[in-house]
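Chemist: Let me begin by handing over the structure; questions about it come next.
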Amino acid sequence: MQMCVDPDGLAGLSWWLCYLTTNTHYSFYLSFGTILILIFLCAPVVMVLGFAGALSRRSRFLPLRTVGLIYTSMVRGVPDIVFFMFVPIAMDQAIEAIRHKVKCPEVTAPIFQGNDFVVCTAAKMPLSATDQWVHEIYGFFLALVAFAIVFGAFAANTLHGALAAVPKNQLETARAYGMSEKQVFWRIHLPQMWRYALPGLSNLWMILIKATPLLFLLGVEDAVYWAGALGASKTQIYDFPHGDWRIWYFSALLIFYLLLTSVSERFFKWLTLKVTREHNLNTDDLSSGVTA
Amino acid sequence: MKVNNSNLDFDSNATDSESERAAVAPVVCLENIHKQFGSLEVLKGIDLKASAGEVISLIGSSGSGKSTLLRCANLLEVPQDGEIIFEGEPIIWSGSGFSRKPSDNDQVRKLRTNLSMVFQQFNLWAHLTILENVIEAPVTVLGRDPLQSAAFGLELLEKVGIGDKSDAYPSQLSGGQQQRAAIARALAMEPRAILFDEPTSALDPELEAEVVRVIKSLADEGRTMIIVTHDMKLAREVANQSIFLHQGLIEEQGDPEELFGNPKSERLQQFLSATASV
């Protein structure tokens, strides 16, 4: 805005208008979008990995079953934060190492030199010359994969338990009526699984939302980073000097997360009701059924 | 009502209506069925033949193997030895002993779609409405037209007296209504025979009566049925052949009036006096 060019002369409402529309503030606002993008991109991938893990654990084929078991128990047995730190680094280095082998076959020096990980410039991912935003997207992508792998394993556990919770006689009856194993799974097993999976999945969604500040750990400049940076006291050398306002910035963050979780909670309540409406033994329904 | 009174020895014989049927193989025939769970031998060589229109009641104390025998007929349990012959076509096996299993899936499906099962705990699919329960297998397994199946399904629900419950979910129905819905589901397959596994055992007497009424009307229609039951009245009145199992073997079998009125074996006498006193 034109008037914001000279912030020193501003007061009152126009000072606030200019202060809240600085570039750094826009980055702060965008970081909320990043959180939403992360969780909404993550959720479908988590479900895919969850089903893959759960179904492979149920597989009759031993190697597949073993892979499923290793995946779920490894993630379960290792602190989340370790995984969040490990996966992006490991993936980044794996990708660059492969690119190094392909793009610079003439370089004979080892990739690991002492404590350093060295690849040729052409193997860098993304290339050093690319724009900053490409680096940011790539970093975000690695973070997304880390989230998906960790939460996919939790989802696999939930789904595995839910599949096992469907009463055996429901499946046996389907077989007794000539359904193939595939039909039993798609027509009976899967639809009945949701009511057992939903409480766990909604819990997982909440944990996923609350884990998003970990993006900070992975070098993504997220809302927590900006709240700290913008809230810190600014001396007169800044355009908009102010005292320590972190309490307000973190309050905004608090409200954002509370809103997000409460909306989610309401959604899952509605979904649970929808899924269990039919086959939850409701005492009112039952008694009216008996007298009818 | 008693369609096939005189075949104590299972031989098809004499009367005119039966000579027609004699040309046709029995609907289901079990020969020398052996079934073991681990080291527990539940069935020790049982023969059973259900001809078209015949109603067989299987009685015996808990653990005598009657439910297991019924489940073998539908291949929910795989017998380690013995033959299952559906309309003259024996099930083809692969492997032997505990690894024995039917080798032809199409054959298993044919058997199962033609022998509909009614379970003690009803086992209606909890996520489907009553009508959806009834048309599920005809549509998905037999590939019938959904609309025609729905019309037929409604007819069947009317017939068992719960036409008004077609849109309800199983949990909204009483036990008796659920079991009648399960019978409608069995009928919707237009099976060659219906297998009842203690259909009234989970019901209190009032609800039991409505289910018994439906089963009797099915017997009157000349449907082929095998009924495992603890209800001696049902076993006696509906069946034209009764079989008493004891410790995995057939102890006594024959015309129900004869079997219940004049039991020959000591085991059956004990069993009947014990159940009568309850």
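Following the order of the structure tokens, chains are lettered A, B, ..., residues in each are numbered from 1, and ligands are numbered from 1.
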Taking only C-alpha atoms into account, find every residue of chain B that has an atom no more than 6 Å from chain A, and write it out as an MDAnalysis selection string.
Modeler: chainID B and resid 109 112:113 123 126:127 141 169 171:174
Chemist: Stretch 251-264 of chain B: which residues within 7 Å, counting only C-alpha atoms, same-chain residues fewer than 2 positions away excluded, as a list in words?
Modeler: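 Listed by chain and then number, they are Asn5, Leu8, Arg236, Ala239, Asn240, Gln241, Ser242, Ile243, Phe244, Leu245, His246, Leu249, Glu266, Leu268 and Gln269 of chain B.
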Chemist: Since we have the selection now, will you write its residues out, keeping all heavy atoms, as a short mmCIF file (atom, residue, chain, number, x, y, z; two decimals), in the first residue's frame?
Modeler:
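Saved as part03.cif:
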```cif
data_model
loop_
_atom_site.label_atom_id
_atom_site.label_comp_id
_atom_site.auth_asym_id
_atom_site.auth_seq_id
_atom_site.Cartn_x
_atom_site.Cartn_y
_atom_site.Cartn_z
N ASN B 5 -42.56 -90.76 3.79
CA ASN B 5 -42.55 -91.43 5.08
C ASN B 5 -41.74 -92.71 5.18
O ASN B 5 -41.21 -93.05 6.21
CB ASN B 5 -43.99 -91.79 5.44
CG ASN B 5 -44.52 -90.78 6.45
OD1 ASN B 5 -43.72 -90.11 7.09
ND2 ASN B 5 -45.82 -90.68 6.56
N LEU B 8 -37.03 -95.58 5.47
CA LEU B 8 -36.15 -95.80 6.61
C LEU B 8 -34.76 -96.19 6.17
O LEU B 8 -33.77 -95.80 6.76
CB LEU B 8 -36.72 -96.93 7.49
CG LEU B 8 -37.97 -96.57 8.29
CD1 LEU B 8 -38.36 -97.72 9.18
CD2 LEU B 8 -37.76 -95.31 9.08
N ARG B 236 -40.17 -83.37 15.64
CA ARG B 236 -41.14 -84.44 15.46
C ARG B 236 -42.22 -84.08 14.45
O ARG B 236 -42.60 -84.89 13.61
CB ARG B 236 -41.77 -84.74 16.83
CG ARG B 236 -42.74 -85.89 16.80
CD ARG B 236 -43.22 -86.19 18.21
NE ARG B 236 -44.03 -87.39 18.24
CZ ARG B 236 -44.33 -88.02 19.36
NH1 ARG B 236 -43.89 -87.57 20.53
NH2 ARG B 236 -45.08 -89.10 19.33
N ALA B 239 -40.65 -82.91 10.49
CA ALA B 239 -39.82 -83.81 9.70
C ALA B 239 -40.56 -85.04 9.21
O ALA B 239 -41.56 -85.45 9.79
CB ALA B 239 -38.61 -84.23 10.53
N ASN B 240 -40.09 -85.61 8.11
CA ASN B 240 -40.54 -86.95 7.78
C ASN B 240 -39.43 -87.98 7.96
O ASN B 240 -39.59 -89.14 7.66
CB ASN B 240 -41.16 -87.04 6.37
CG ASN B 240 -40.47 -86.11 5.41
OD1 ASN B 240 -39.25 -86.02 5.43
ND2 ASN B 240 -41.25 -85.43 4.61
N GLN B 241 -38.32 -87.50 8.45
CA GLN B 241 -37.29 -88.43 8.89
C GLN B 241 -36.50 -87.77 10.01
O GLN B 241 -36.16 -86.58 9.92
CB GLN B 241 -36.35 -88.77 7.73
CG GLN B 241 -35.47 -89.96 8.06
CD GLN B 241 -34.26 -90.08 7.18
OE1 GLN B 241 -33.26 -90.60 7.61
NE2 GLN B 241 -34.34 -89.59 5.96
N SER B 242 -36.24 -88.50 11.06
CA SER B 242 -35.45 -87.95 12.16
C SER B 242 -34.21 -88.79 12.36
O SER B 242 -34.23 -90.00 12.21
CB SER B 242 -36.28 -87.92 13.45
OG SER B 242 -37.27 -86.93 13.36
N ILE B 243 -33.14 -88.08 12.70
CA ILE B 243 -31.89 -88.78 12.94
C ILE B 243 -31.36 -88.36 14.31
O ILE B 243 -31.30 -87.15 14.61
CB ILE B 243 -30.85 -88.42 11.85
CG1 ILE B 243 -31.33 -88.93 10.48
CG2 ILE B 243 -29.48 -89.01 12.19
CD1 ILE B 243 -30.45 -88.54 9.33
N PHE B 244 -31.04 -89.34 15.12
CA PHE B 244 -30.49 -89.06 16.44
C PHE B 244 -29.00 -89.34 16.43
O PHE B 244 -28.56 -90.46 16.16
CB PHE B 244 -31.19 -89.93 17.49
CG PHE B 244 -30.57 -89.84 18.86
CD1 PHE B 244 -30.52 -88.63 19.55
CD2 PHE B 244 -30.02 -90.97 19.47
CE1 PHE B 244 -29.95 -88.54 20.81
CE2 PHE B 244 -29.45 -90.90 20.74
CZ PHE B 244 -29.40 -89.67 21.40
N LEU B 245 -28.22 -88.28 16.68
CA LEU B 245 -26.77 -88.44 16.69
C LEU B 245 -26.28 -88.57 18.12
O LEU B 245 -26.77 -87.89 19.02
CB LEU B 245 -26.10 -87.21 16.07
CG LEU B 245 -26.14 -87.01 14.55
CD1 LEU B 245 -25.26 -85.83 14.17
CD2 LEU B 245 -25.69 -88.27 13.84
N HIS B 246 -25.29 -89.44 18.29
CA HIS B 246 -24.68 -89.56 19.60
C HIS B 246 -23.19 -89.78 19.43
O HIS B 246 -22.76 -90.72 18.77
CB HIS B 246 -25.32 -90.71 20.38
CG HIS B 246 -24.72 -90.87 21.75
ND1 HIS B 246 -24.97 -89.97 22.77
CD2 HIS B 246 -23.87 -91.79 22.25
CE1 HIS B 246 -24.31 -90.35 23.84
NE2 HIS B 246 -23.62 -91.46 23.56
N LEU B 249 -21.86 -90.39 15.88
CA LEU B 249 -22.40 -91.50 15.08
C LEU B 249 -23.93 -91.44 15.10
O LEU B 249 -24.52 -90.89 16.03
CB LEU B 249 -21.95 -92.84 15.67
CG LEU B 249 -20.50 -93.25 15.39
CD1 LEU B 249 -20.11 -94.43 16.27
CD2 LEU B 249 -20.29 -93.57 13.92
N GLU B 266 -31.12 -97.24 23.95
CA GLU B 266 -31.15 -96.74 25.32
C GLU B 266 -30.77 -95.26 25.38
O GLU B 266 -31.35 -94.48 26.13
CB GLU B 266 -30.16 -97.56 26.15
CG GLU B 266 -30.48 -97.62 27.62
CD GLU B 266 -29.46 -98.46 28.37
OE1 GLU B 266 -29.14 -99.58 27.88
OE2 GLU B 266 -28.97 -97.98 29.38
N LEU B 268 -31.21 -92.93 23.11
CA LEU B 268 -32.30 -92.07 22.68
C LEU B 268 -33.38 -91.99 23.76
O LEU B 268 -33.94 -90.92 24.01
CB LEU B 268 -32.89 -92.58 21.35
CG LEU B 268 -34.03 -91.75 20.76
CD1 LEU B 268 -33.63 -90.30 20.57
CD2 LEU B 268 -34.50 -92.34 19.43
N GLN B 269 -33.66 -93.12 24.39
CA GLN B 269 -34.65 -93.11 25.47
C GLN B 269 -34.23 -92.14 26.57
O GLN B 269 -35.03 -91.32 27.05
CB GLN B 269 -34.80 -94.52 26.06
CG GLN B 269 -35.58 -95.46 25.15
CD GLN B 269 -35.40 -96.92 25.53
OE1 GLN B 269 -34.85 -97.23 26.60
NE2 GLN B 269 -35.86 -97.82 24.67
#
```
Chemist: What's the 12 Å shell around B:Val160, counting only C-alpha atoms, without same-chain residues fewer than 6 positions away, as a PyMOL selection string?
Modeler: chain B and resi 153-154+166+176-188+210-218
Chemist: Since we have the selection now, will you write its residues out, keeping N, CA and C atoms, as a compact mmCIF listing (two decimals), in the first residue's frame?
Modeler:
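Wrote out-v6.txt, looks like this:
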```
# COMPACT_ATOMS: atom_id res chain seq x y z
N GLY B 153 -37.83 -60.31 -3.39
CA GLY B 153 -37.46 -60.23 -1.98
C GLY B 153 -38.61 -59.71 -1.13
N LEU B 154 -39.28 -58.67 -1.63
CA LEU B 154 -40.43 -58.12 -0.90
C LEU B 154 -41.53 -59.16 -0.75
N SER B 166 -38.93 -54.09 5.53
CA SER B 166 -37.90 -54.24 4.49
C SER B 166 -36.81 -53.17 4.58
N GLY B 176 -37.13 -62.93 16.57
CA GLY B 176 -38.02 -63.71 15.72
C GLY B 176 -38.14 -63.12 14.33
N GLN B 177 -38.20 -61.76 14.30
CA GLN B 177 -38.28 -61.09 13.00
C GLN B 177 -36.98 -61.27 12.23
N GLN B 178 -35.86 -61.20 12.96
CA GLN B 178 -34.56 -61.38 12.29
C GLN B 178 -34.45 -62.77 11.70
N GLN B 179 -34.92 -63.77 12.46
CA GLN B 179 -34.80 -65.13 11.95
C GLN B 179 -35.71 -65.34 10.74
N ARG B 180 -36.88 -64.70 10.75
CA ARG B 180 -37.75 -64.82 9.59
C ARG B 180 -37.13 -64.12 8.38
N ALA B 181 -36.46 -62.99 8.64
CA ALA B 181 -35.74 -62.31 7.55
C ALA B 181 -34.64 -63.22 7.00
N ALA B 182 -33.97 -63.92 7.91
CA ALA B 182 -32.90 -64.83 7.49
C ALA B 182 -33.47 -65.97 6.65
N ILE B 183 -34.67 -66.40 6.98
CA ILE B 183 -35.32 -67.45 6.18
C ILE B 183 -35.67 -66.91 4.80
N ALA B 184 -36.16 -65.66 4.77
CA ALA B 184 -36.45 -65.03 3.47
C ALA B 184 -35.17 -64.93 2.64
N ARG B 185 -34.08 -64.61 3.31
CA ARG B 185 -32.79 -64.53 2.60
C ARG B 185 -32.42 -65.88 2.00
N ALA B 186 -32.68 -66.94 2.77
CA ALA B 186 -32.38 -68.28 2.27
C ALA B 186 -33.26 -68.61 1.07
N LEU B 187 -34.55 -68.25 1.16
CA LEU B 187 -35.48 -68.56 0.08
C LEU B 187 -35.15 -67.78 -1.19
N ALA B 188 -34.60 -66.57 -1.03
CA ALA B 188 -34.32 -65.71 -2.18
C ALA B 188 -33.32 -66.36 -3.14
N GLU B 210 -43.38 -68.03 16.11
CA GLU B 210 -43.57 -67.43 14.78
C GLU B 210 -42.59 -68.01 13.76
N VAL B 211 -41.39 -68.35 14.22
CA VAL B 211 -40.41 -68.95 13.32
C VAL B 211 -40.81 -70.38 12.96
N VAL B 212 -41.28 -71.11 13.99
CA VAL B 212 -41.72 -72.50 13.75
C VAL B 212 -42.86 -72.52 12.73
N ARG B 213 -43.76 -71.54 12.84
CA ARG B 213 -44.87 -71.46 11.90
C ARG B 213 -44.35 -71.33 10.47
N VAL B 214 -43.34 -70.49 10.29
CA VAL B 214 -42.79 -70.30 8.94
C VAL B 214 -42.13 -71.59 8.44
N ILE B 215 -41.39 -72.25 9.32
CA ILE B 215 -40.71 -73.48 8.92
C ILE B 215 -41.73 -74.55 8.53
N LYS B 216 -42.81 -74.60 9.29
CA LYS B 216 -43.85 -75.59 8.97
C LYS B 216 -44.49 -75.30 7.61
N SER B 217 -44.71 -74.03 7.33
CA SER B 217 -45.33 -73.71 6.04
C SER B 217 -44.39 -74.06 4.89
N LEU B 218 -43.10 -73.95 5.13
CA LEU B 218 -42.14 -74.34 4.10
C LEU B 218 -42.17 -75.85 3.89
```
Chemist: With only C-alpha atoms as the counted atoms, please give the residues lying no more than 12 Å from B:Glu221, apart from itself and same-chain residues fewer than 2 positions off, as a ChimeraX atom specification.
Modeler: /B:1-3,52-55,214-219,223-225,238
Chemist: As an exercise, work out the distance from atom CA of B:Pro26 to atom CA of B:Trp93 in Å and give it to one decimal place.
Modeler: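 Straight-line distance from atom CA of B:Pro26 to atom CA of B:Trp93 works out to 20.3 Å.
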Chemist: If you run DSSP on this backbone, which residues of stretch 69-255 of chain A come out as strand (DSSP E or B), and could you give them as an mmCIF file with all heavy atoms, in the first residue's frame?
Modeler:
```cif
data_model
loop_
_atom_site.group_PDB
_atom_site.id
_atom_site.type_symbol
_atom_site.label_atom_id
_atom_site.label_comp_id
_atom_site.auth_asym_id
_atom_site.auth_seq_id
_atom_site.Cartn_x
_atom_site.Cartn_y
_atom_site.Cartn_z
ATOM 1 N N PHE A 112 30.358 -40.619 0.624
ATOM 2 C CA PHE A 112 30.583 -40.307 2.034
ATOM 3 C C PHE A 112 32.073 -40.087 2.272
ATOM 4 O O PHE A 112 32.862 -41.025 2.224
ATOM 5 C CB PHE A 112 30.071 -41.442 2.927
ATOM 6 C CG PHE A 112 28.584 -41.488 3.007
ATOM 7 C CD1 PHE A 112 27.851 -42.388 2.246
ATOM 8 C CD2 PHE A 112 27.886 -40.608 3.839
ATOM 9 C CE1 PHE A 112 26.477 -42.418 2.307
ATOM 10 C CE2 PHE A 112 26.514 -40.631 3.912
ATOM 11 C CZ PHE A 112 25.800 -41.543 3.137
ATOM 12 N N GLN A 113 32.426 -38.833 2.493
ATOM 13 C CA GLN A 113 33.837 -38.524 2.782
ATOM 14 C C GLN A 113 33.902 -38.097 4.237
ATOM 15 O O GLN A 113 33.553 -36.978 4.584
ATOM 16 C CB GLN A 113 34.327 -37.406 1.863
ATOM 17 C CG GLN A 113 34.324 -37.838 0.402
ATOM 18 C CD GLN A 113 34.682 -36.692 -0.530
ATOM 19 O OE1 GLN A 113 35.117 -35.630 -0.090
ATOM 20 N NE2 GLN A 113 34.504 -36.916 -1.822
ATOM 21 N N ASP A 116 31.082 -36.082 5.754
ATOM 22 C CA ASP A 116 30.389 -35.297 4.744
ATOM 23 C C ASP A 116 29.732 -36.179 3.686
ATOM 24 O O ASP A 116 30.242 -37.225 3.320
ATOM 25 C CB ASP A 116 31.348 -34.324 4.068
ATOM 26 C CG ASP A 116 31.865 -33.284 5.053
ATOM 27 O OD1 ASP A 116 31.058 -32.910 5.949
ATOM 28 O OD2 ASP A 116 33.045 -32.901 4.955
ATOM 29 N N PHE A 117 28.588 -35.673 3.239
ATOM 30 C CA PHE A 117 27.862 -36.318 2.146
ATOM 31 C C PHE A 117 28.088 -35.459 0.913
ATOM 32 O O PHE A 117 27.604 -34.340 0.836
ATOM 33 C CB PHE A 117 26.374 -36.384 2.512
ATOM 34 C CG PHE A 117 25.513 -36.991 1.454
ATOM 35 C CD1 PHE A 117 25.444 -38.378 1.292
ATOM 36 C CD2 PHE A 117 24.758 -36.182 0.604
ATOM 37 C CE1 PHE A 117 24.638 -38.927 0.318
ATOM 38 C CE2 PHE A 117 23.960 -36.745 -0.377
ATOM 39 C CZ PHE A 117 23.895 -38.121 -0.511
ATOM 40 N N LYS A 234 10.682 -5.767 18.525
ATOM 41 C CA LYS A 234 11.373 -5.105 17.414
ATOM 42 C C LYS A 234 11.841 -3.725 17.884
ATOM 43 O O LYS A 234 11.042 -2.924 18.376
ATOM 44 C CB LYS A 234 10.420 -4.941 16.216
ATOM 45 C CG LYS A 234 9.822 -6.256 15.693
ATOM 46 C CD LYS A 234 10.811 -7.020 14.841
ATOM 47 C CE LYS A 234 10.203 -8.262 14.249
ATOM 48 N NZ LYS A 234 9.788 -9.248 15.261
ATOM 49 N N HIS A 242 7.998 -2.782 17.979
ATOM 50 C CA HIS A 242 7.024 -3.125 19.033
ATOM 51 C C HIS A 242 7.724 -3.965 20.083
ATOM 52 O O HIS A 242 8.825 -4.478 19.866
ATOM 53 C CB HIS A 242 5.807 -3.836 18.464
ATOM 54 C CG HIS A 242 6.132 -5.124 17.747
ATOM 55 N ND1 HIS A 242 6.458 -6.263 18.418
ATOM 56 C CD2 HIS A 242 6.161 -5.421 16.426
ATOM 57 C CE1 HIS A 242 6.669 -7.230 17.526
ATOM 58 N NE2 HIS A 242 6.512 -6.740 16.310
#
```
Chemist: Please identify all polymer residues within 12 Å of B:Gly63, counting only C-alpha atoms, omitting same-chain residues fewer than 4 positions from it, and present them as a list of chain:residue names.
Modeler: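 Final neighbour list, sorted by chain and number: B:Leu40, B:Glu41, B:Val42, B:Leu43, B:Ile59, B:Ser67, B:Thr68, B:Leu69, B:Leu245, B:His246, B:Gln247, B:Gly248, B:Leu249.
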Chemist: Considering only C-alpha atoms, return as an mmCIF file with all heavy atoms, in the first residue's frame whatever protein or nucleic-acid residues lie within 7 Å of stretch 264-269 of chain A, sequence-local ones (same chain, fewer than 4 positions apart) excluded.
Modeler:
```cif
data_model
loop_
_atom_site.group_PDB
_atom_site.id
_atom_site.type_symbol
_atom_site.label_atom_id
_atom_site.label_comp_id
_atom_site.auth_asym_id
_atom_site.auth_seq_id
_atom_site.Cartn_x
_atom_site.Cartn_y
_atom_site.Cartn_z
ATOM 1 N N SER A 202 -10.161 -41.144 13.711
ATOM 2 C CA SER A 202 -10.417 -39.756 14.095
ATOM 3 C C SER A 202 -9.349 -39.306 15.094
ATOM 4 O O SER A 202 -8.867 -38.180 15.042
ATOM 5 C CB SER A 202 -11.825 -39.598 14.670
ATOM 6 O OG SER A 202 -11.867 -39.933 16.017
ATOM 7 N N LEU A 260 -9.562 -25.794 14.251
ATOM 8 C CA LEU A 260 -9.349 -26.923 13.342
ATOM 9 C C LEU A 260 -9.756 -28.241 14.012
ATOM 10 O O LEU A 260 -10.456 -29.069 13.420
ATOM 11 C CB LEU A 260 -7.872 -26.958 12.941
ATOM 12 C CG LEU A 260 -7.498 -27.793 11.720
ATOM 13 C CD1 LEU A 260 -8.325 -27.350 10.519
ATOM 14 C CD2 LEU A 260 -6.014 -27.624 11.414
ATOM 15 N N LEU A 273 -21.731 -41.318 13.585
ATOM 16 C CA LEU A 273 -23.173 -41.506 13.726
ATOM 17 C C LEU A 273 -23.749 -42.113 12.458
ATOM 18 O O LEU A 273 -24.586 -43.007 12.488
ATOM 19 C CB LEU A 273 -23.818 -40.140 14.000
ATOM 20 C CG LEU A 273 -25.046 -40.155 14.896
ATOM 21 C CD1 LEU A 273 -24.638 -40.552 16.300
ATOM 22 C CD2 LEU A 273 -25.706 -38.785 14.900
#
```
Chemist: When you draw a straight line from atom CA of B:Ser57 to atom CA of B:Thr229, how long is it in Å?
Modeler: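 Between these atoms lies a distance of 7.1 Å.
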Chemist: So how far away is atom CA of A:Thr24 from atom CA of A:Asp8, in Å?
Modeler: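 Value for the atom CA of A:Asp8-atom CA of A:Thr24 distance: 18.1 Å.
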Chemist: Stretch 94-170 of chain B: which residues are alpha helix (DSSP H) by DSSP, as a ChimeraX atom specification?
Modeler: /B:105-114,130-140,146-159
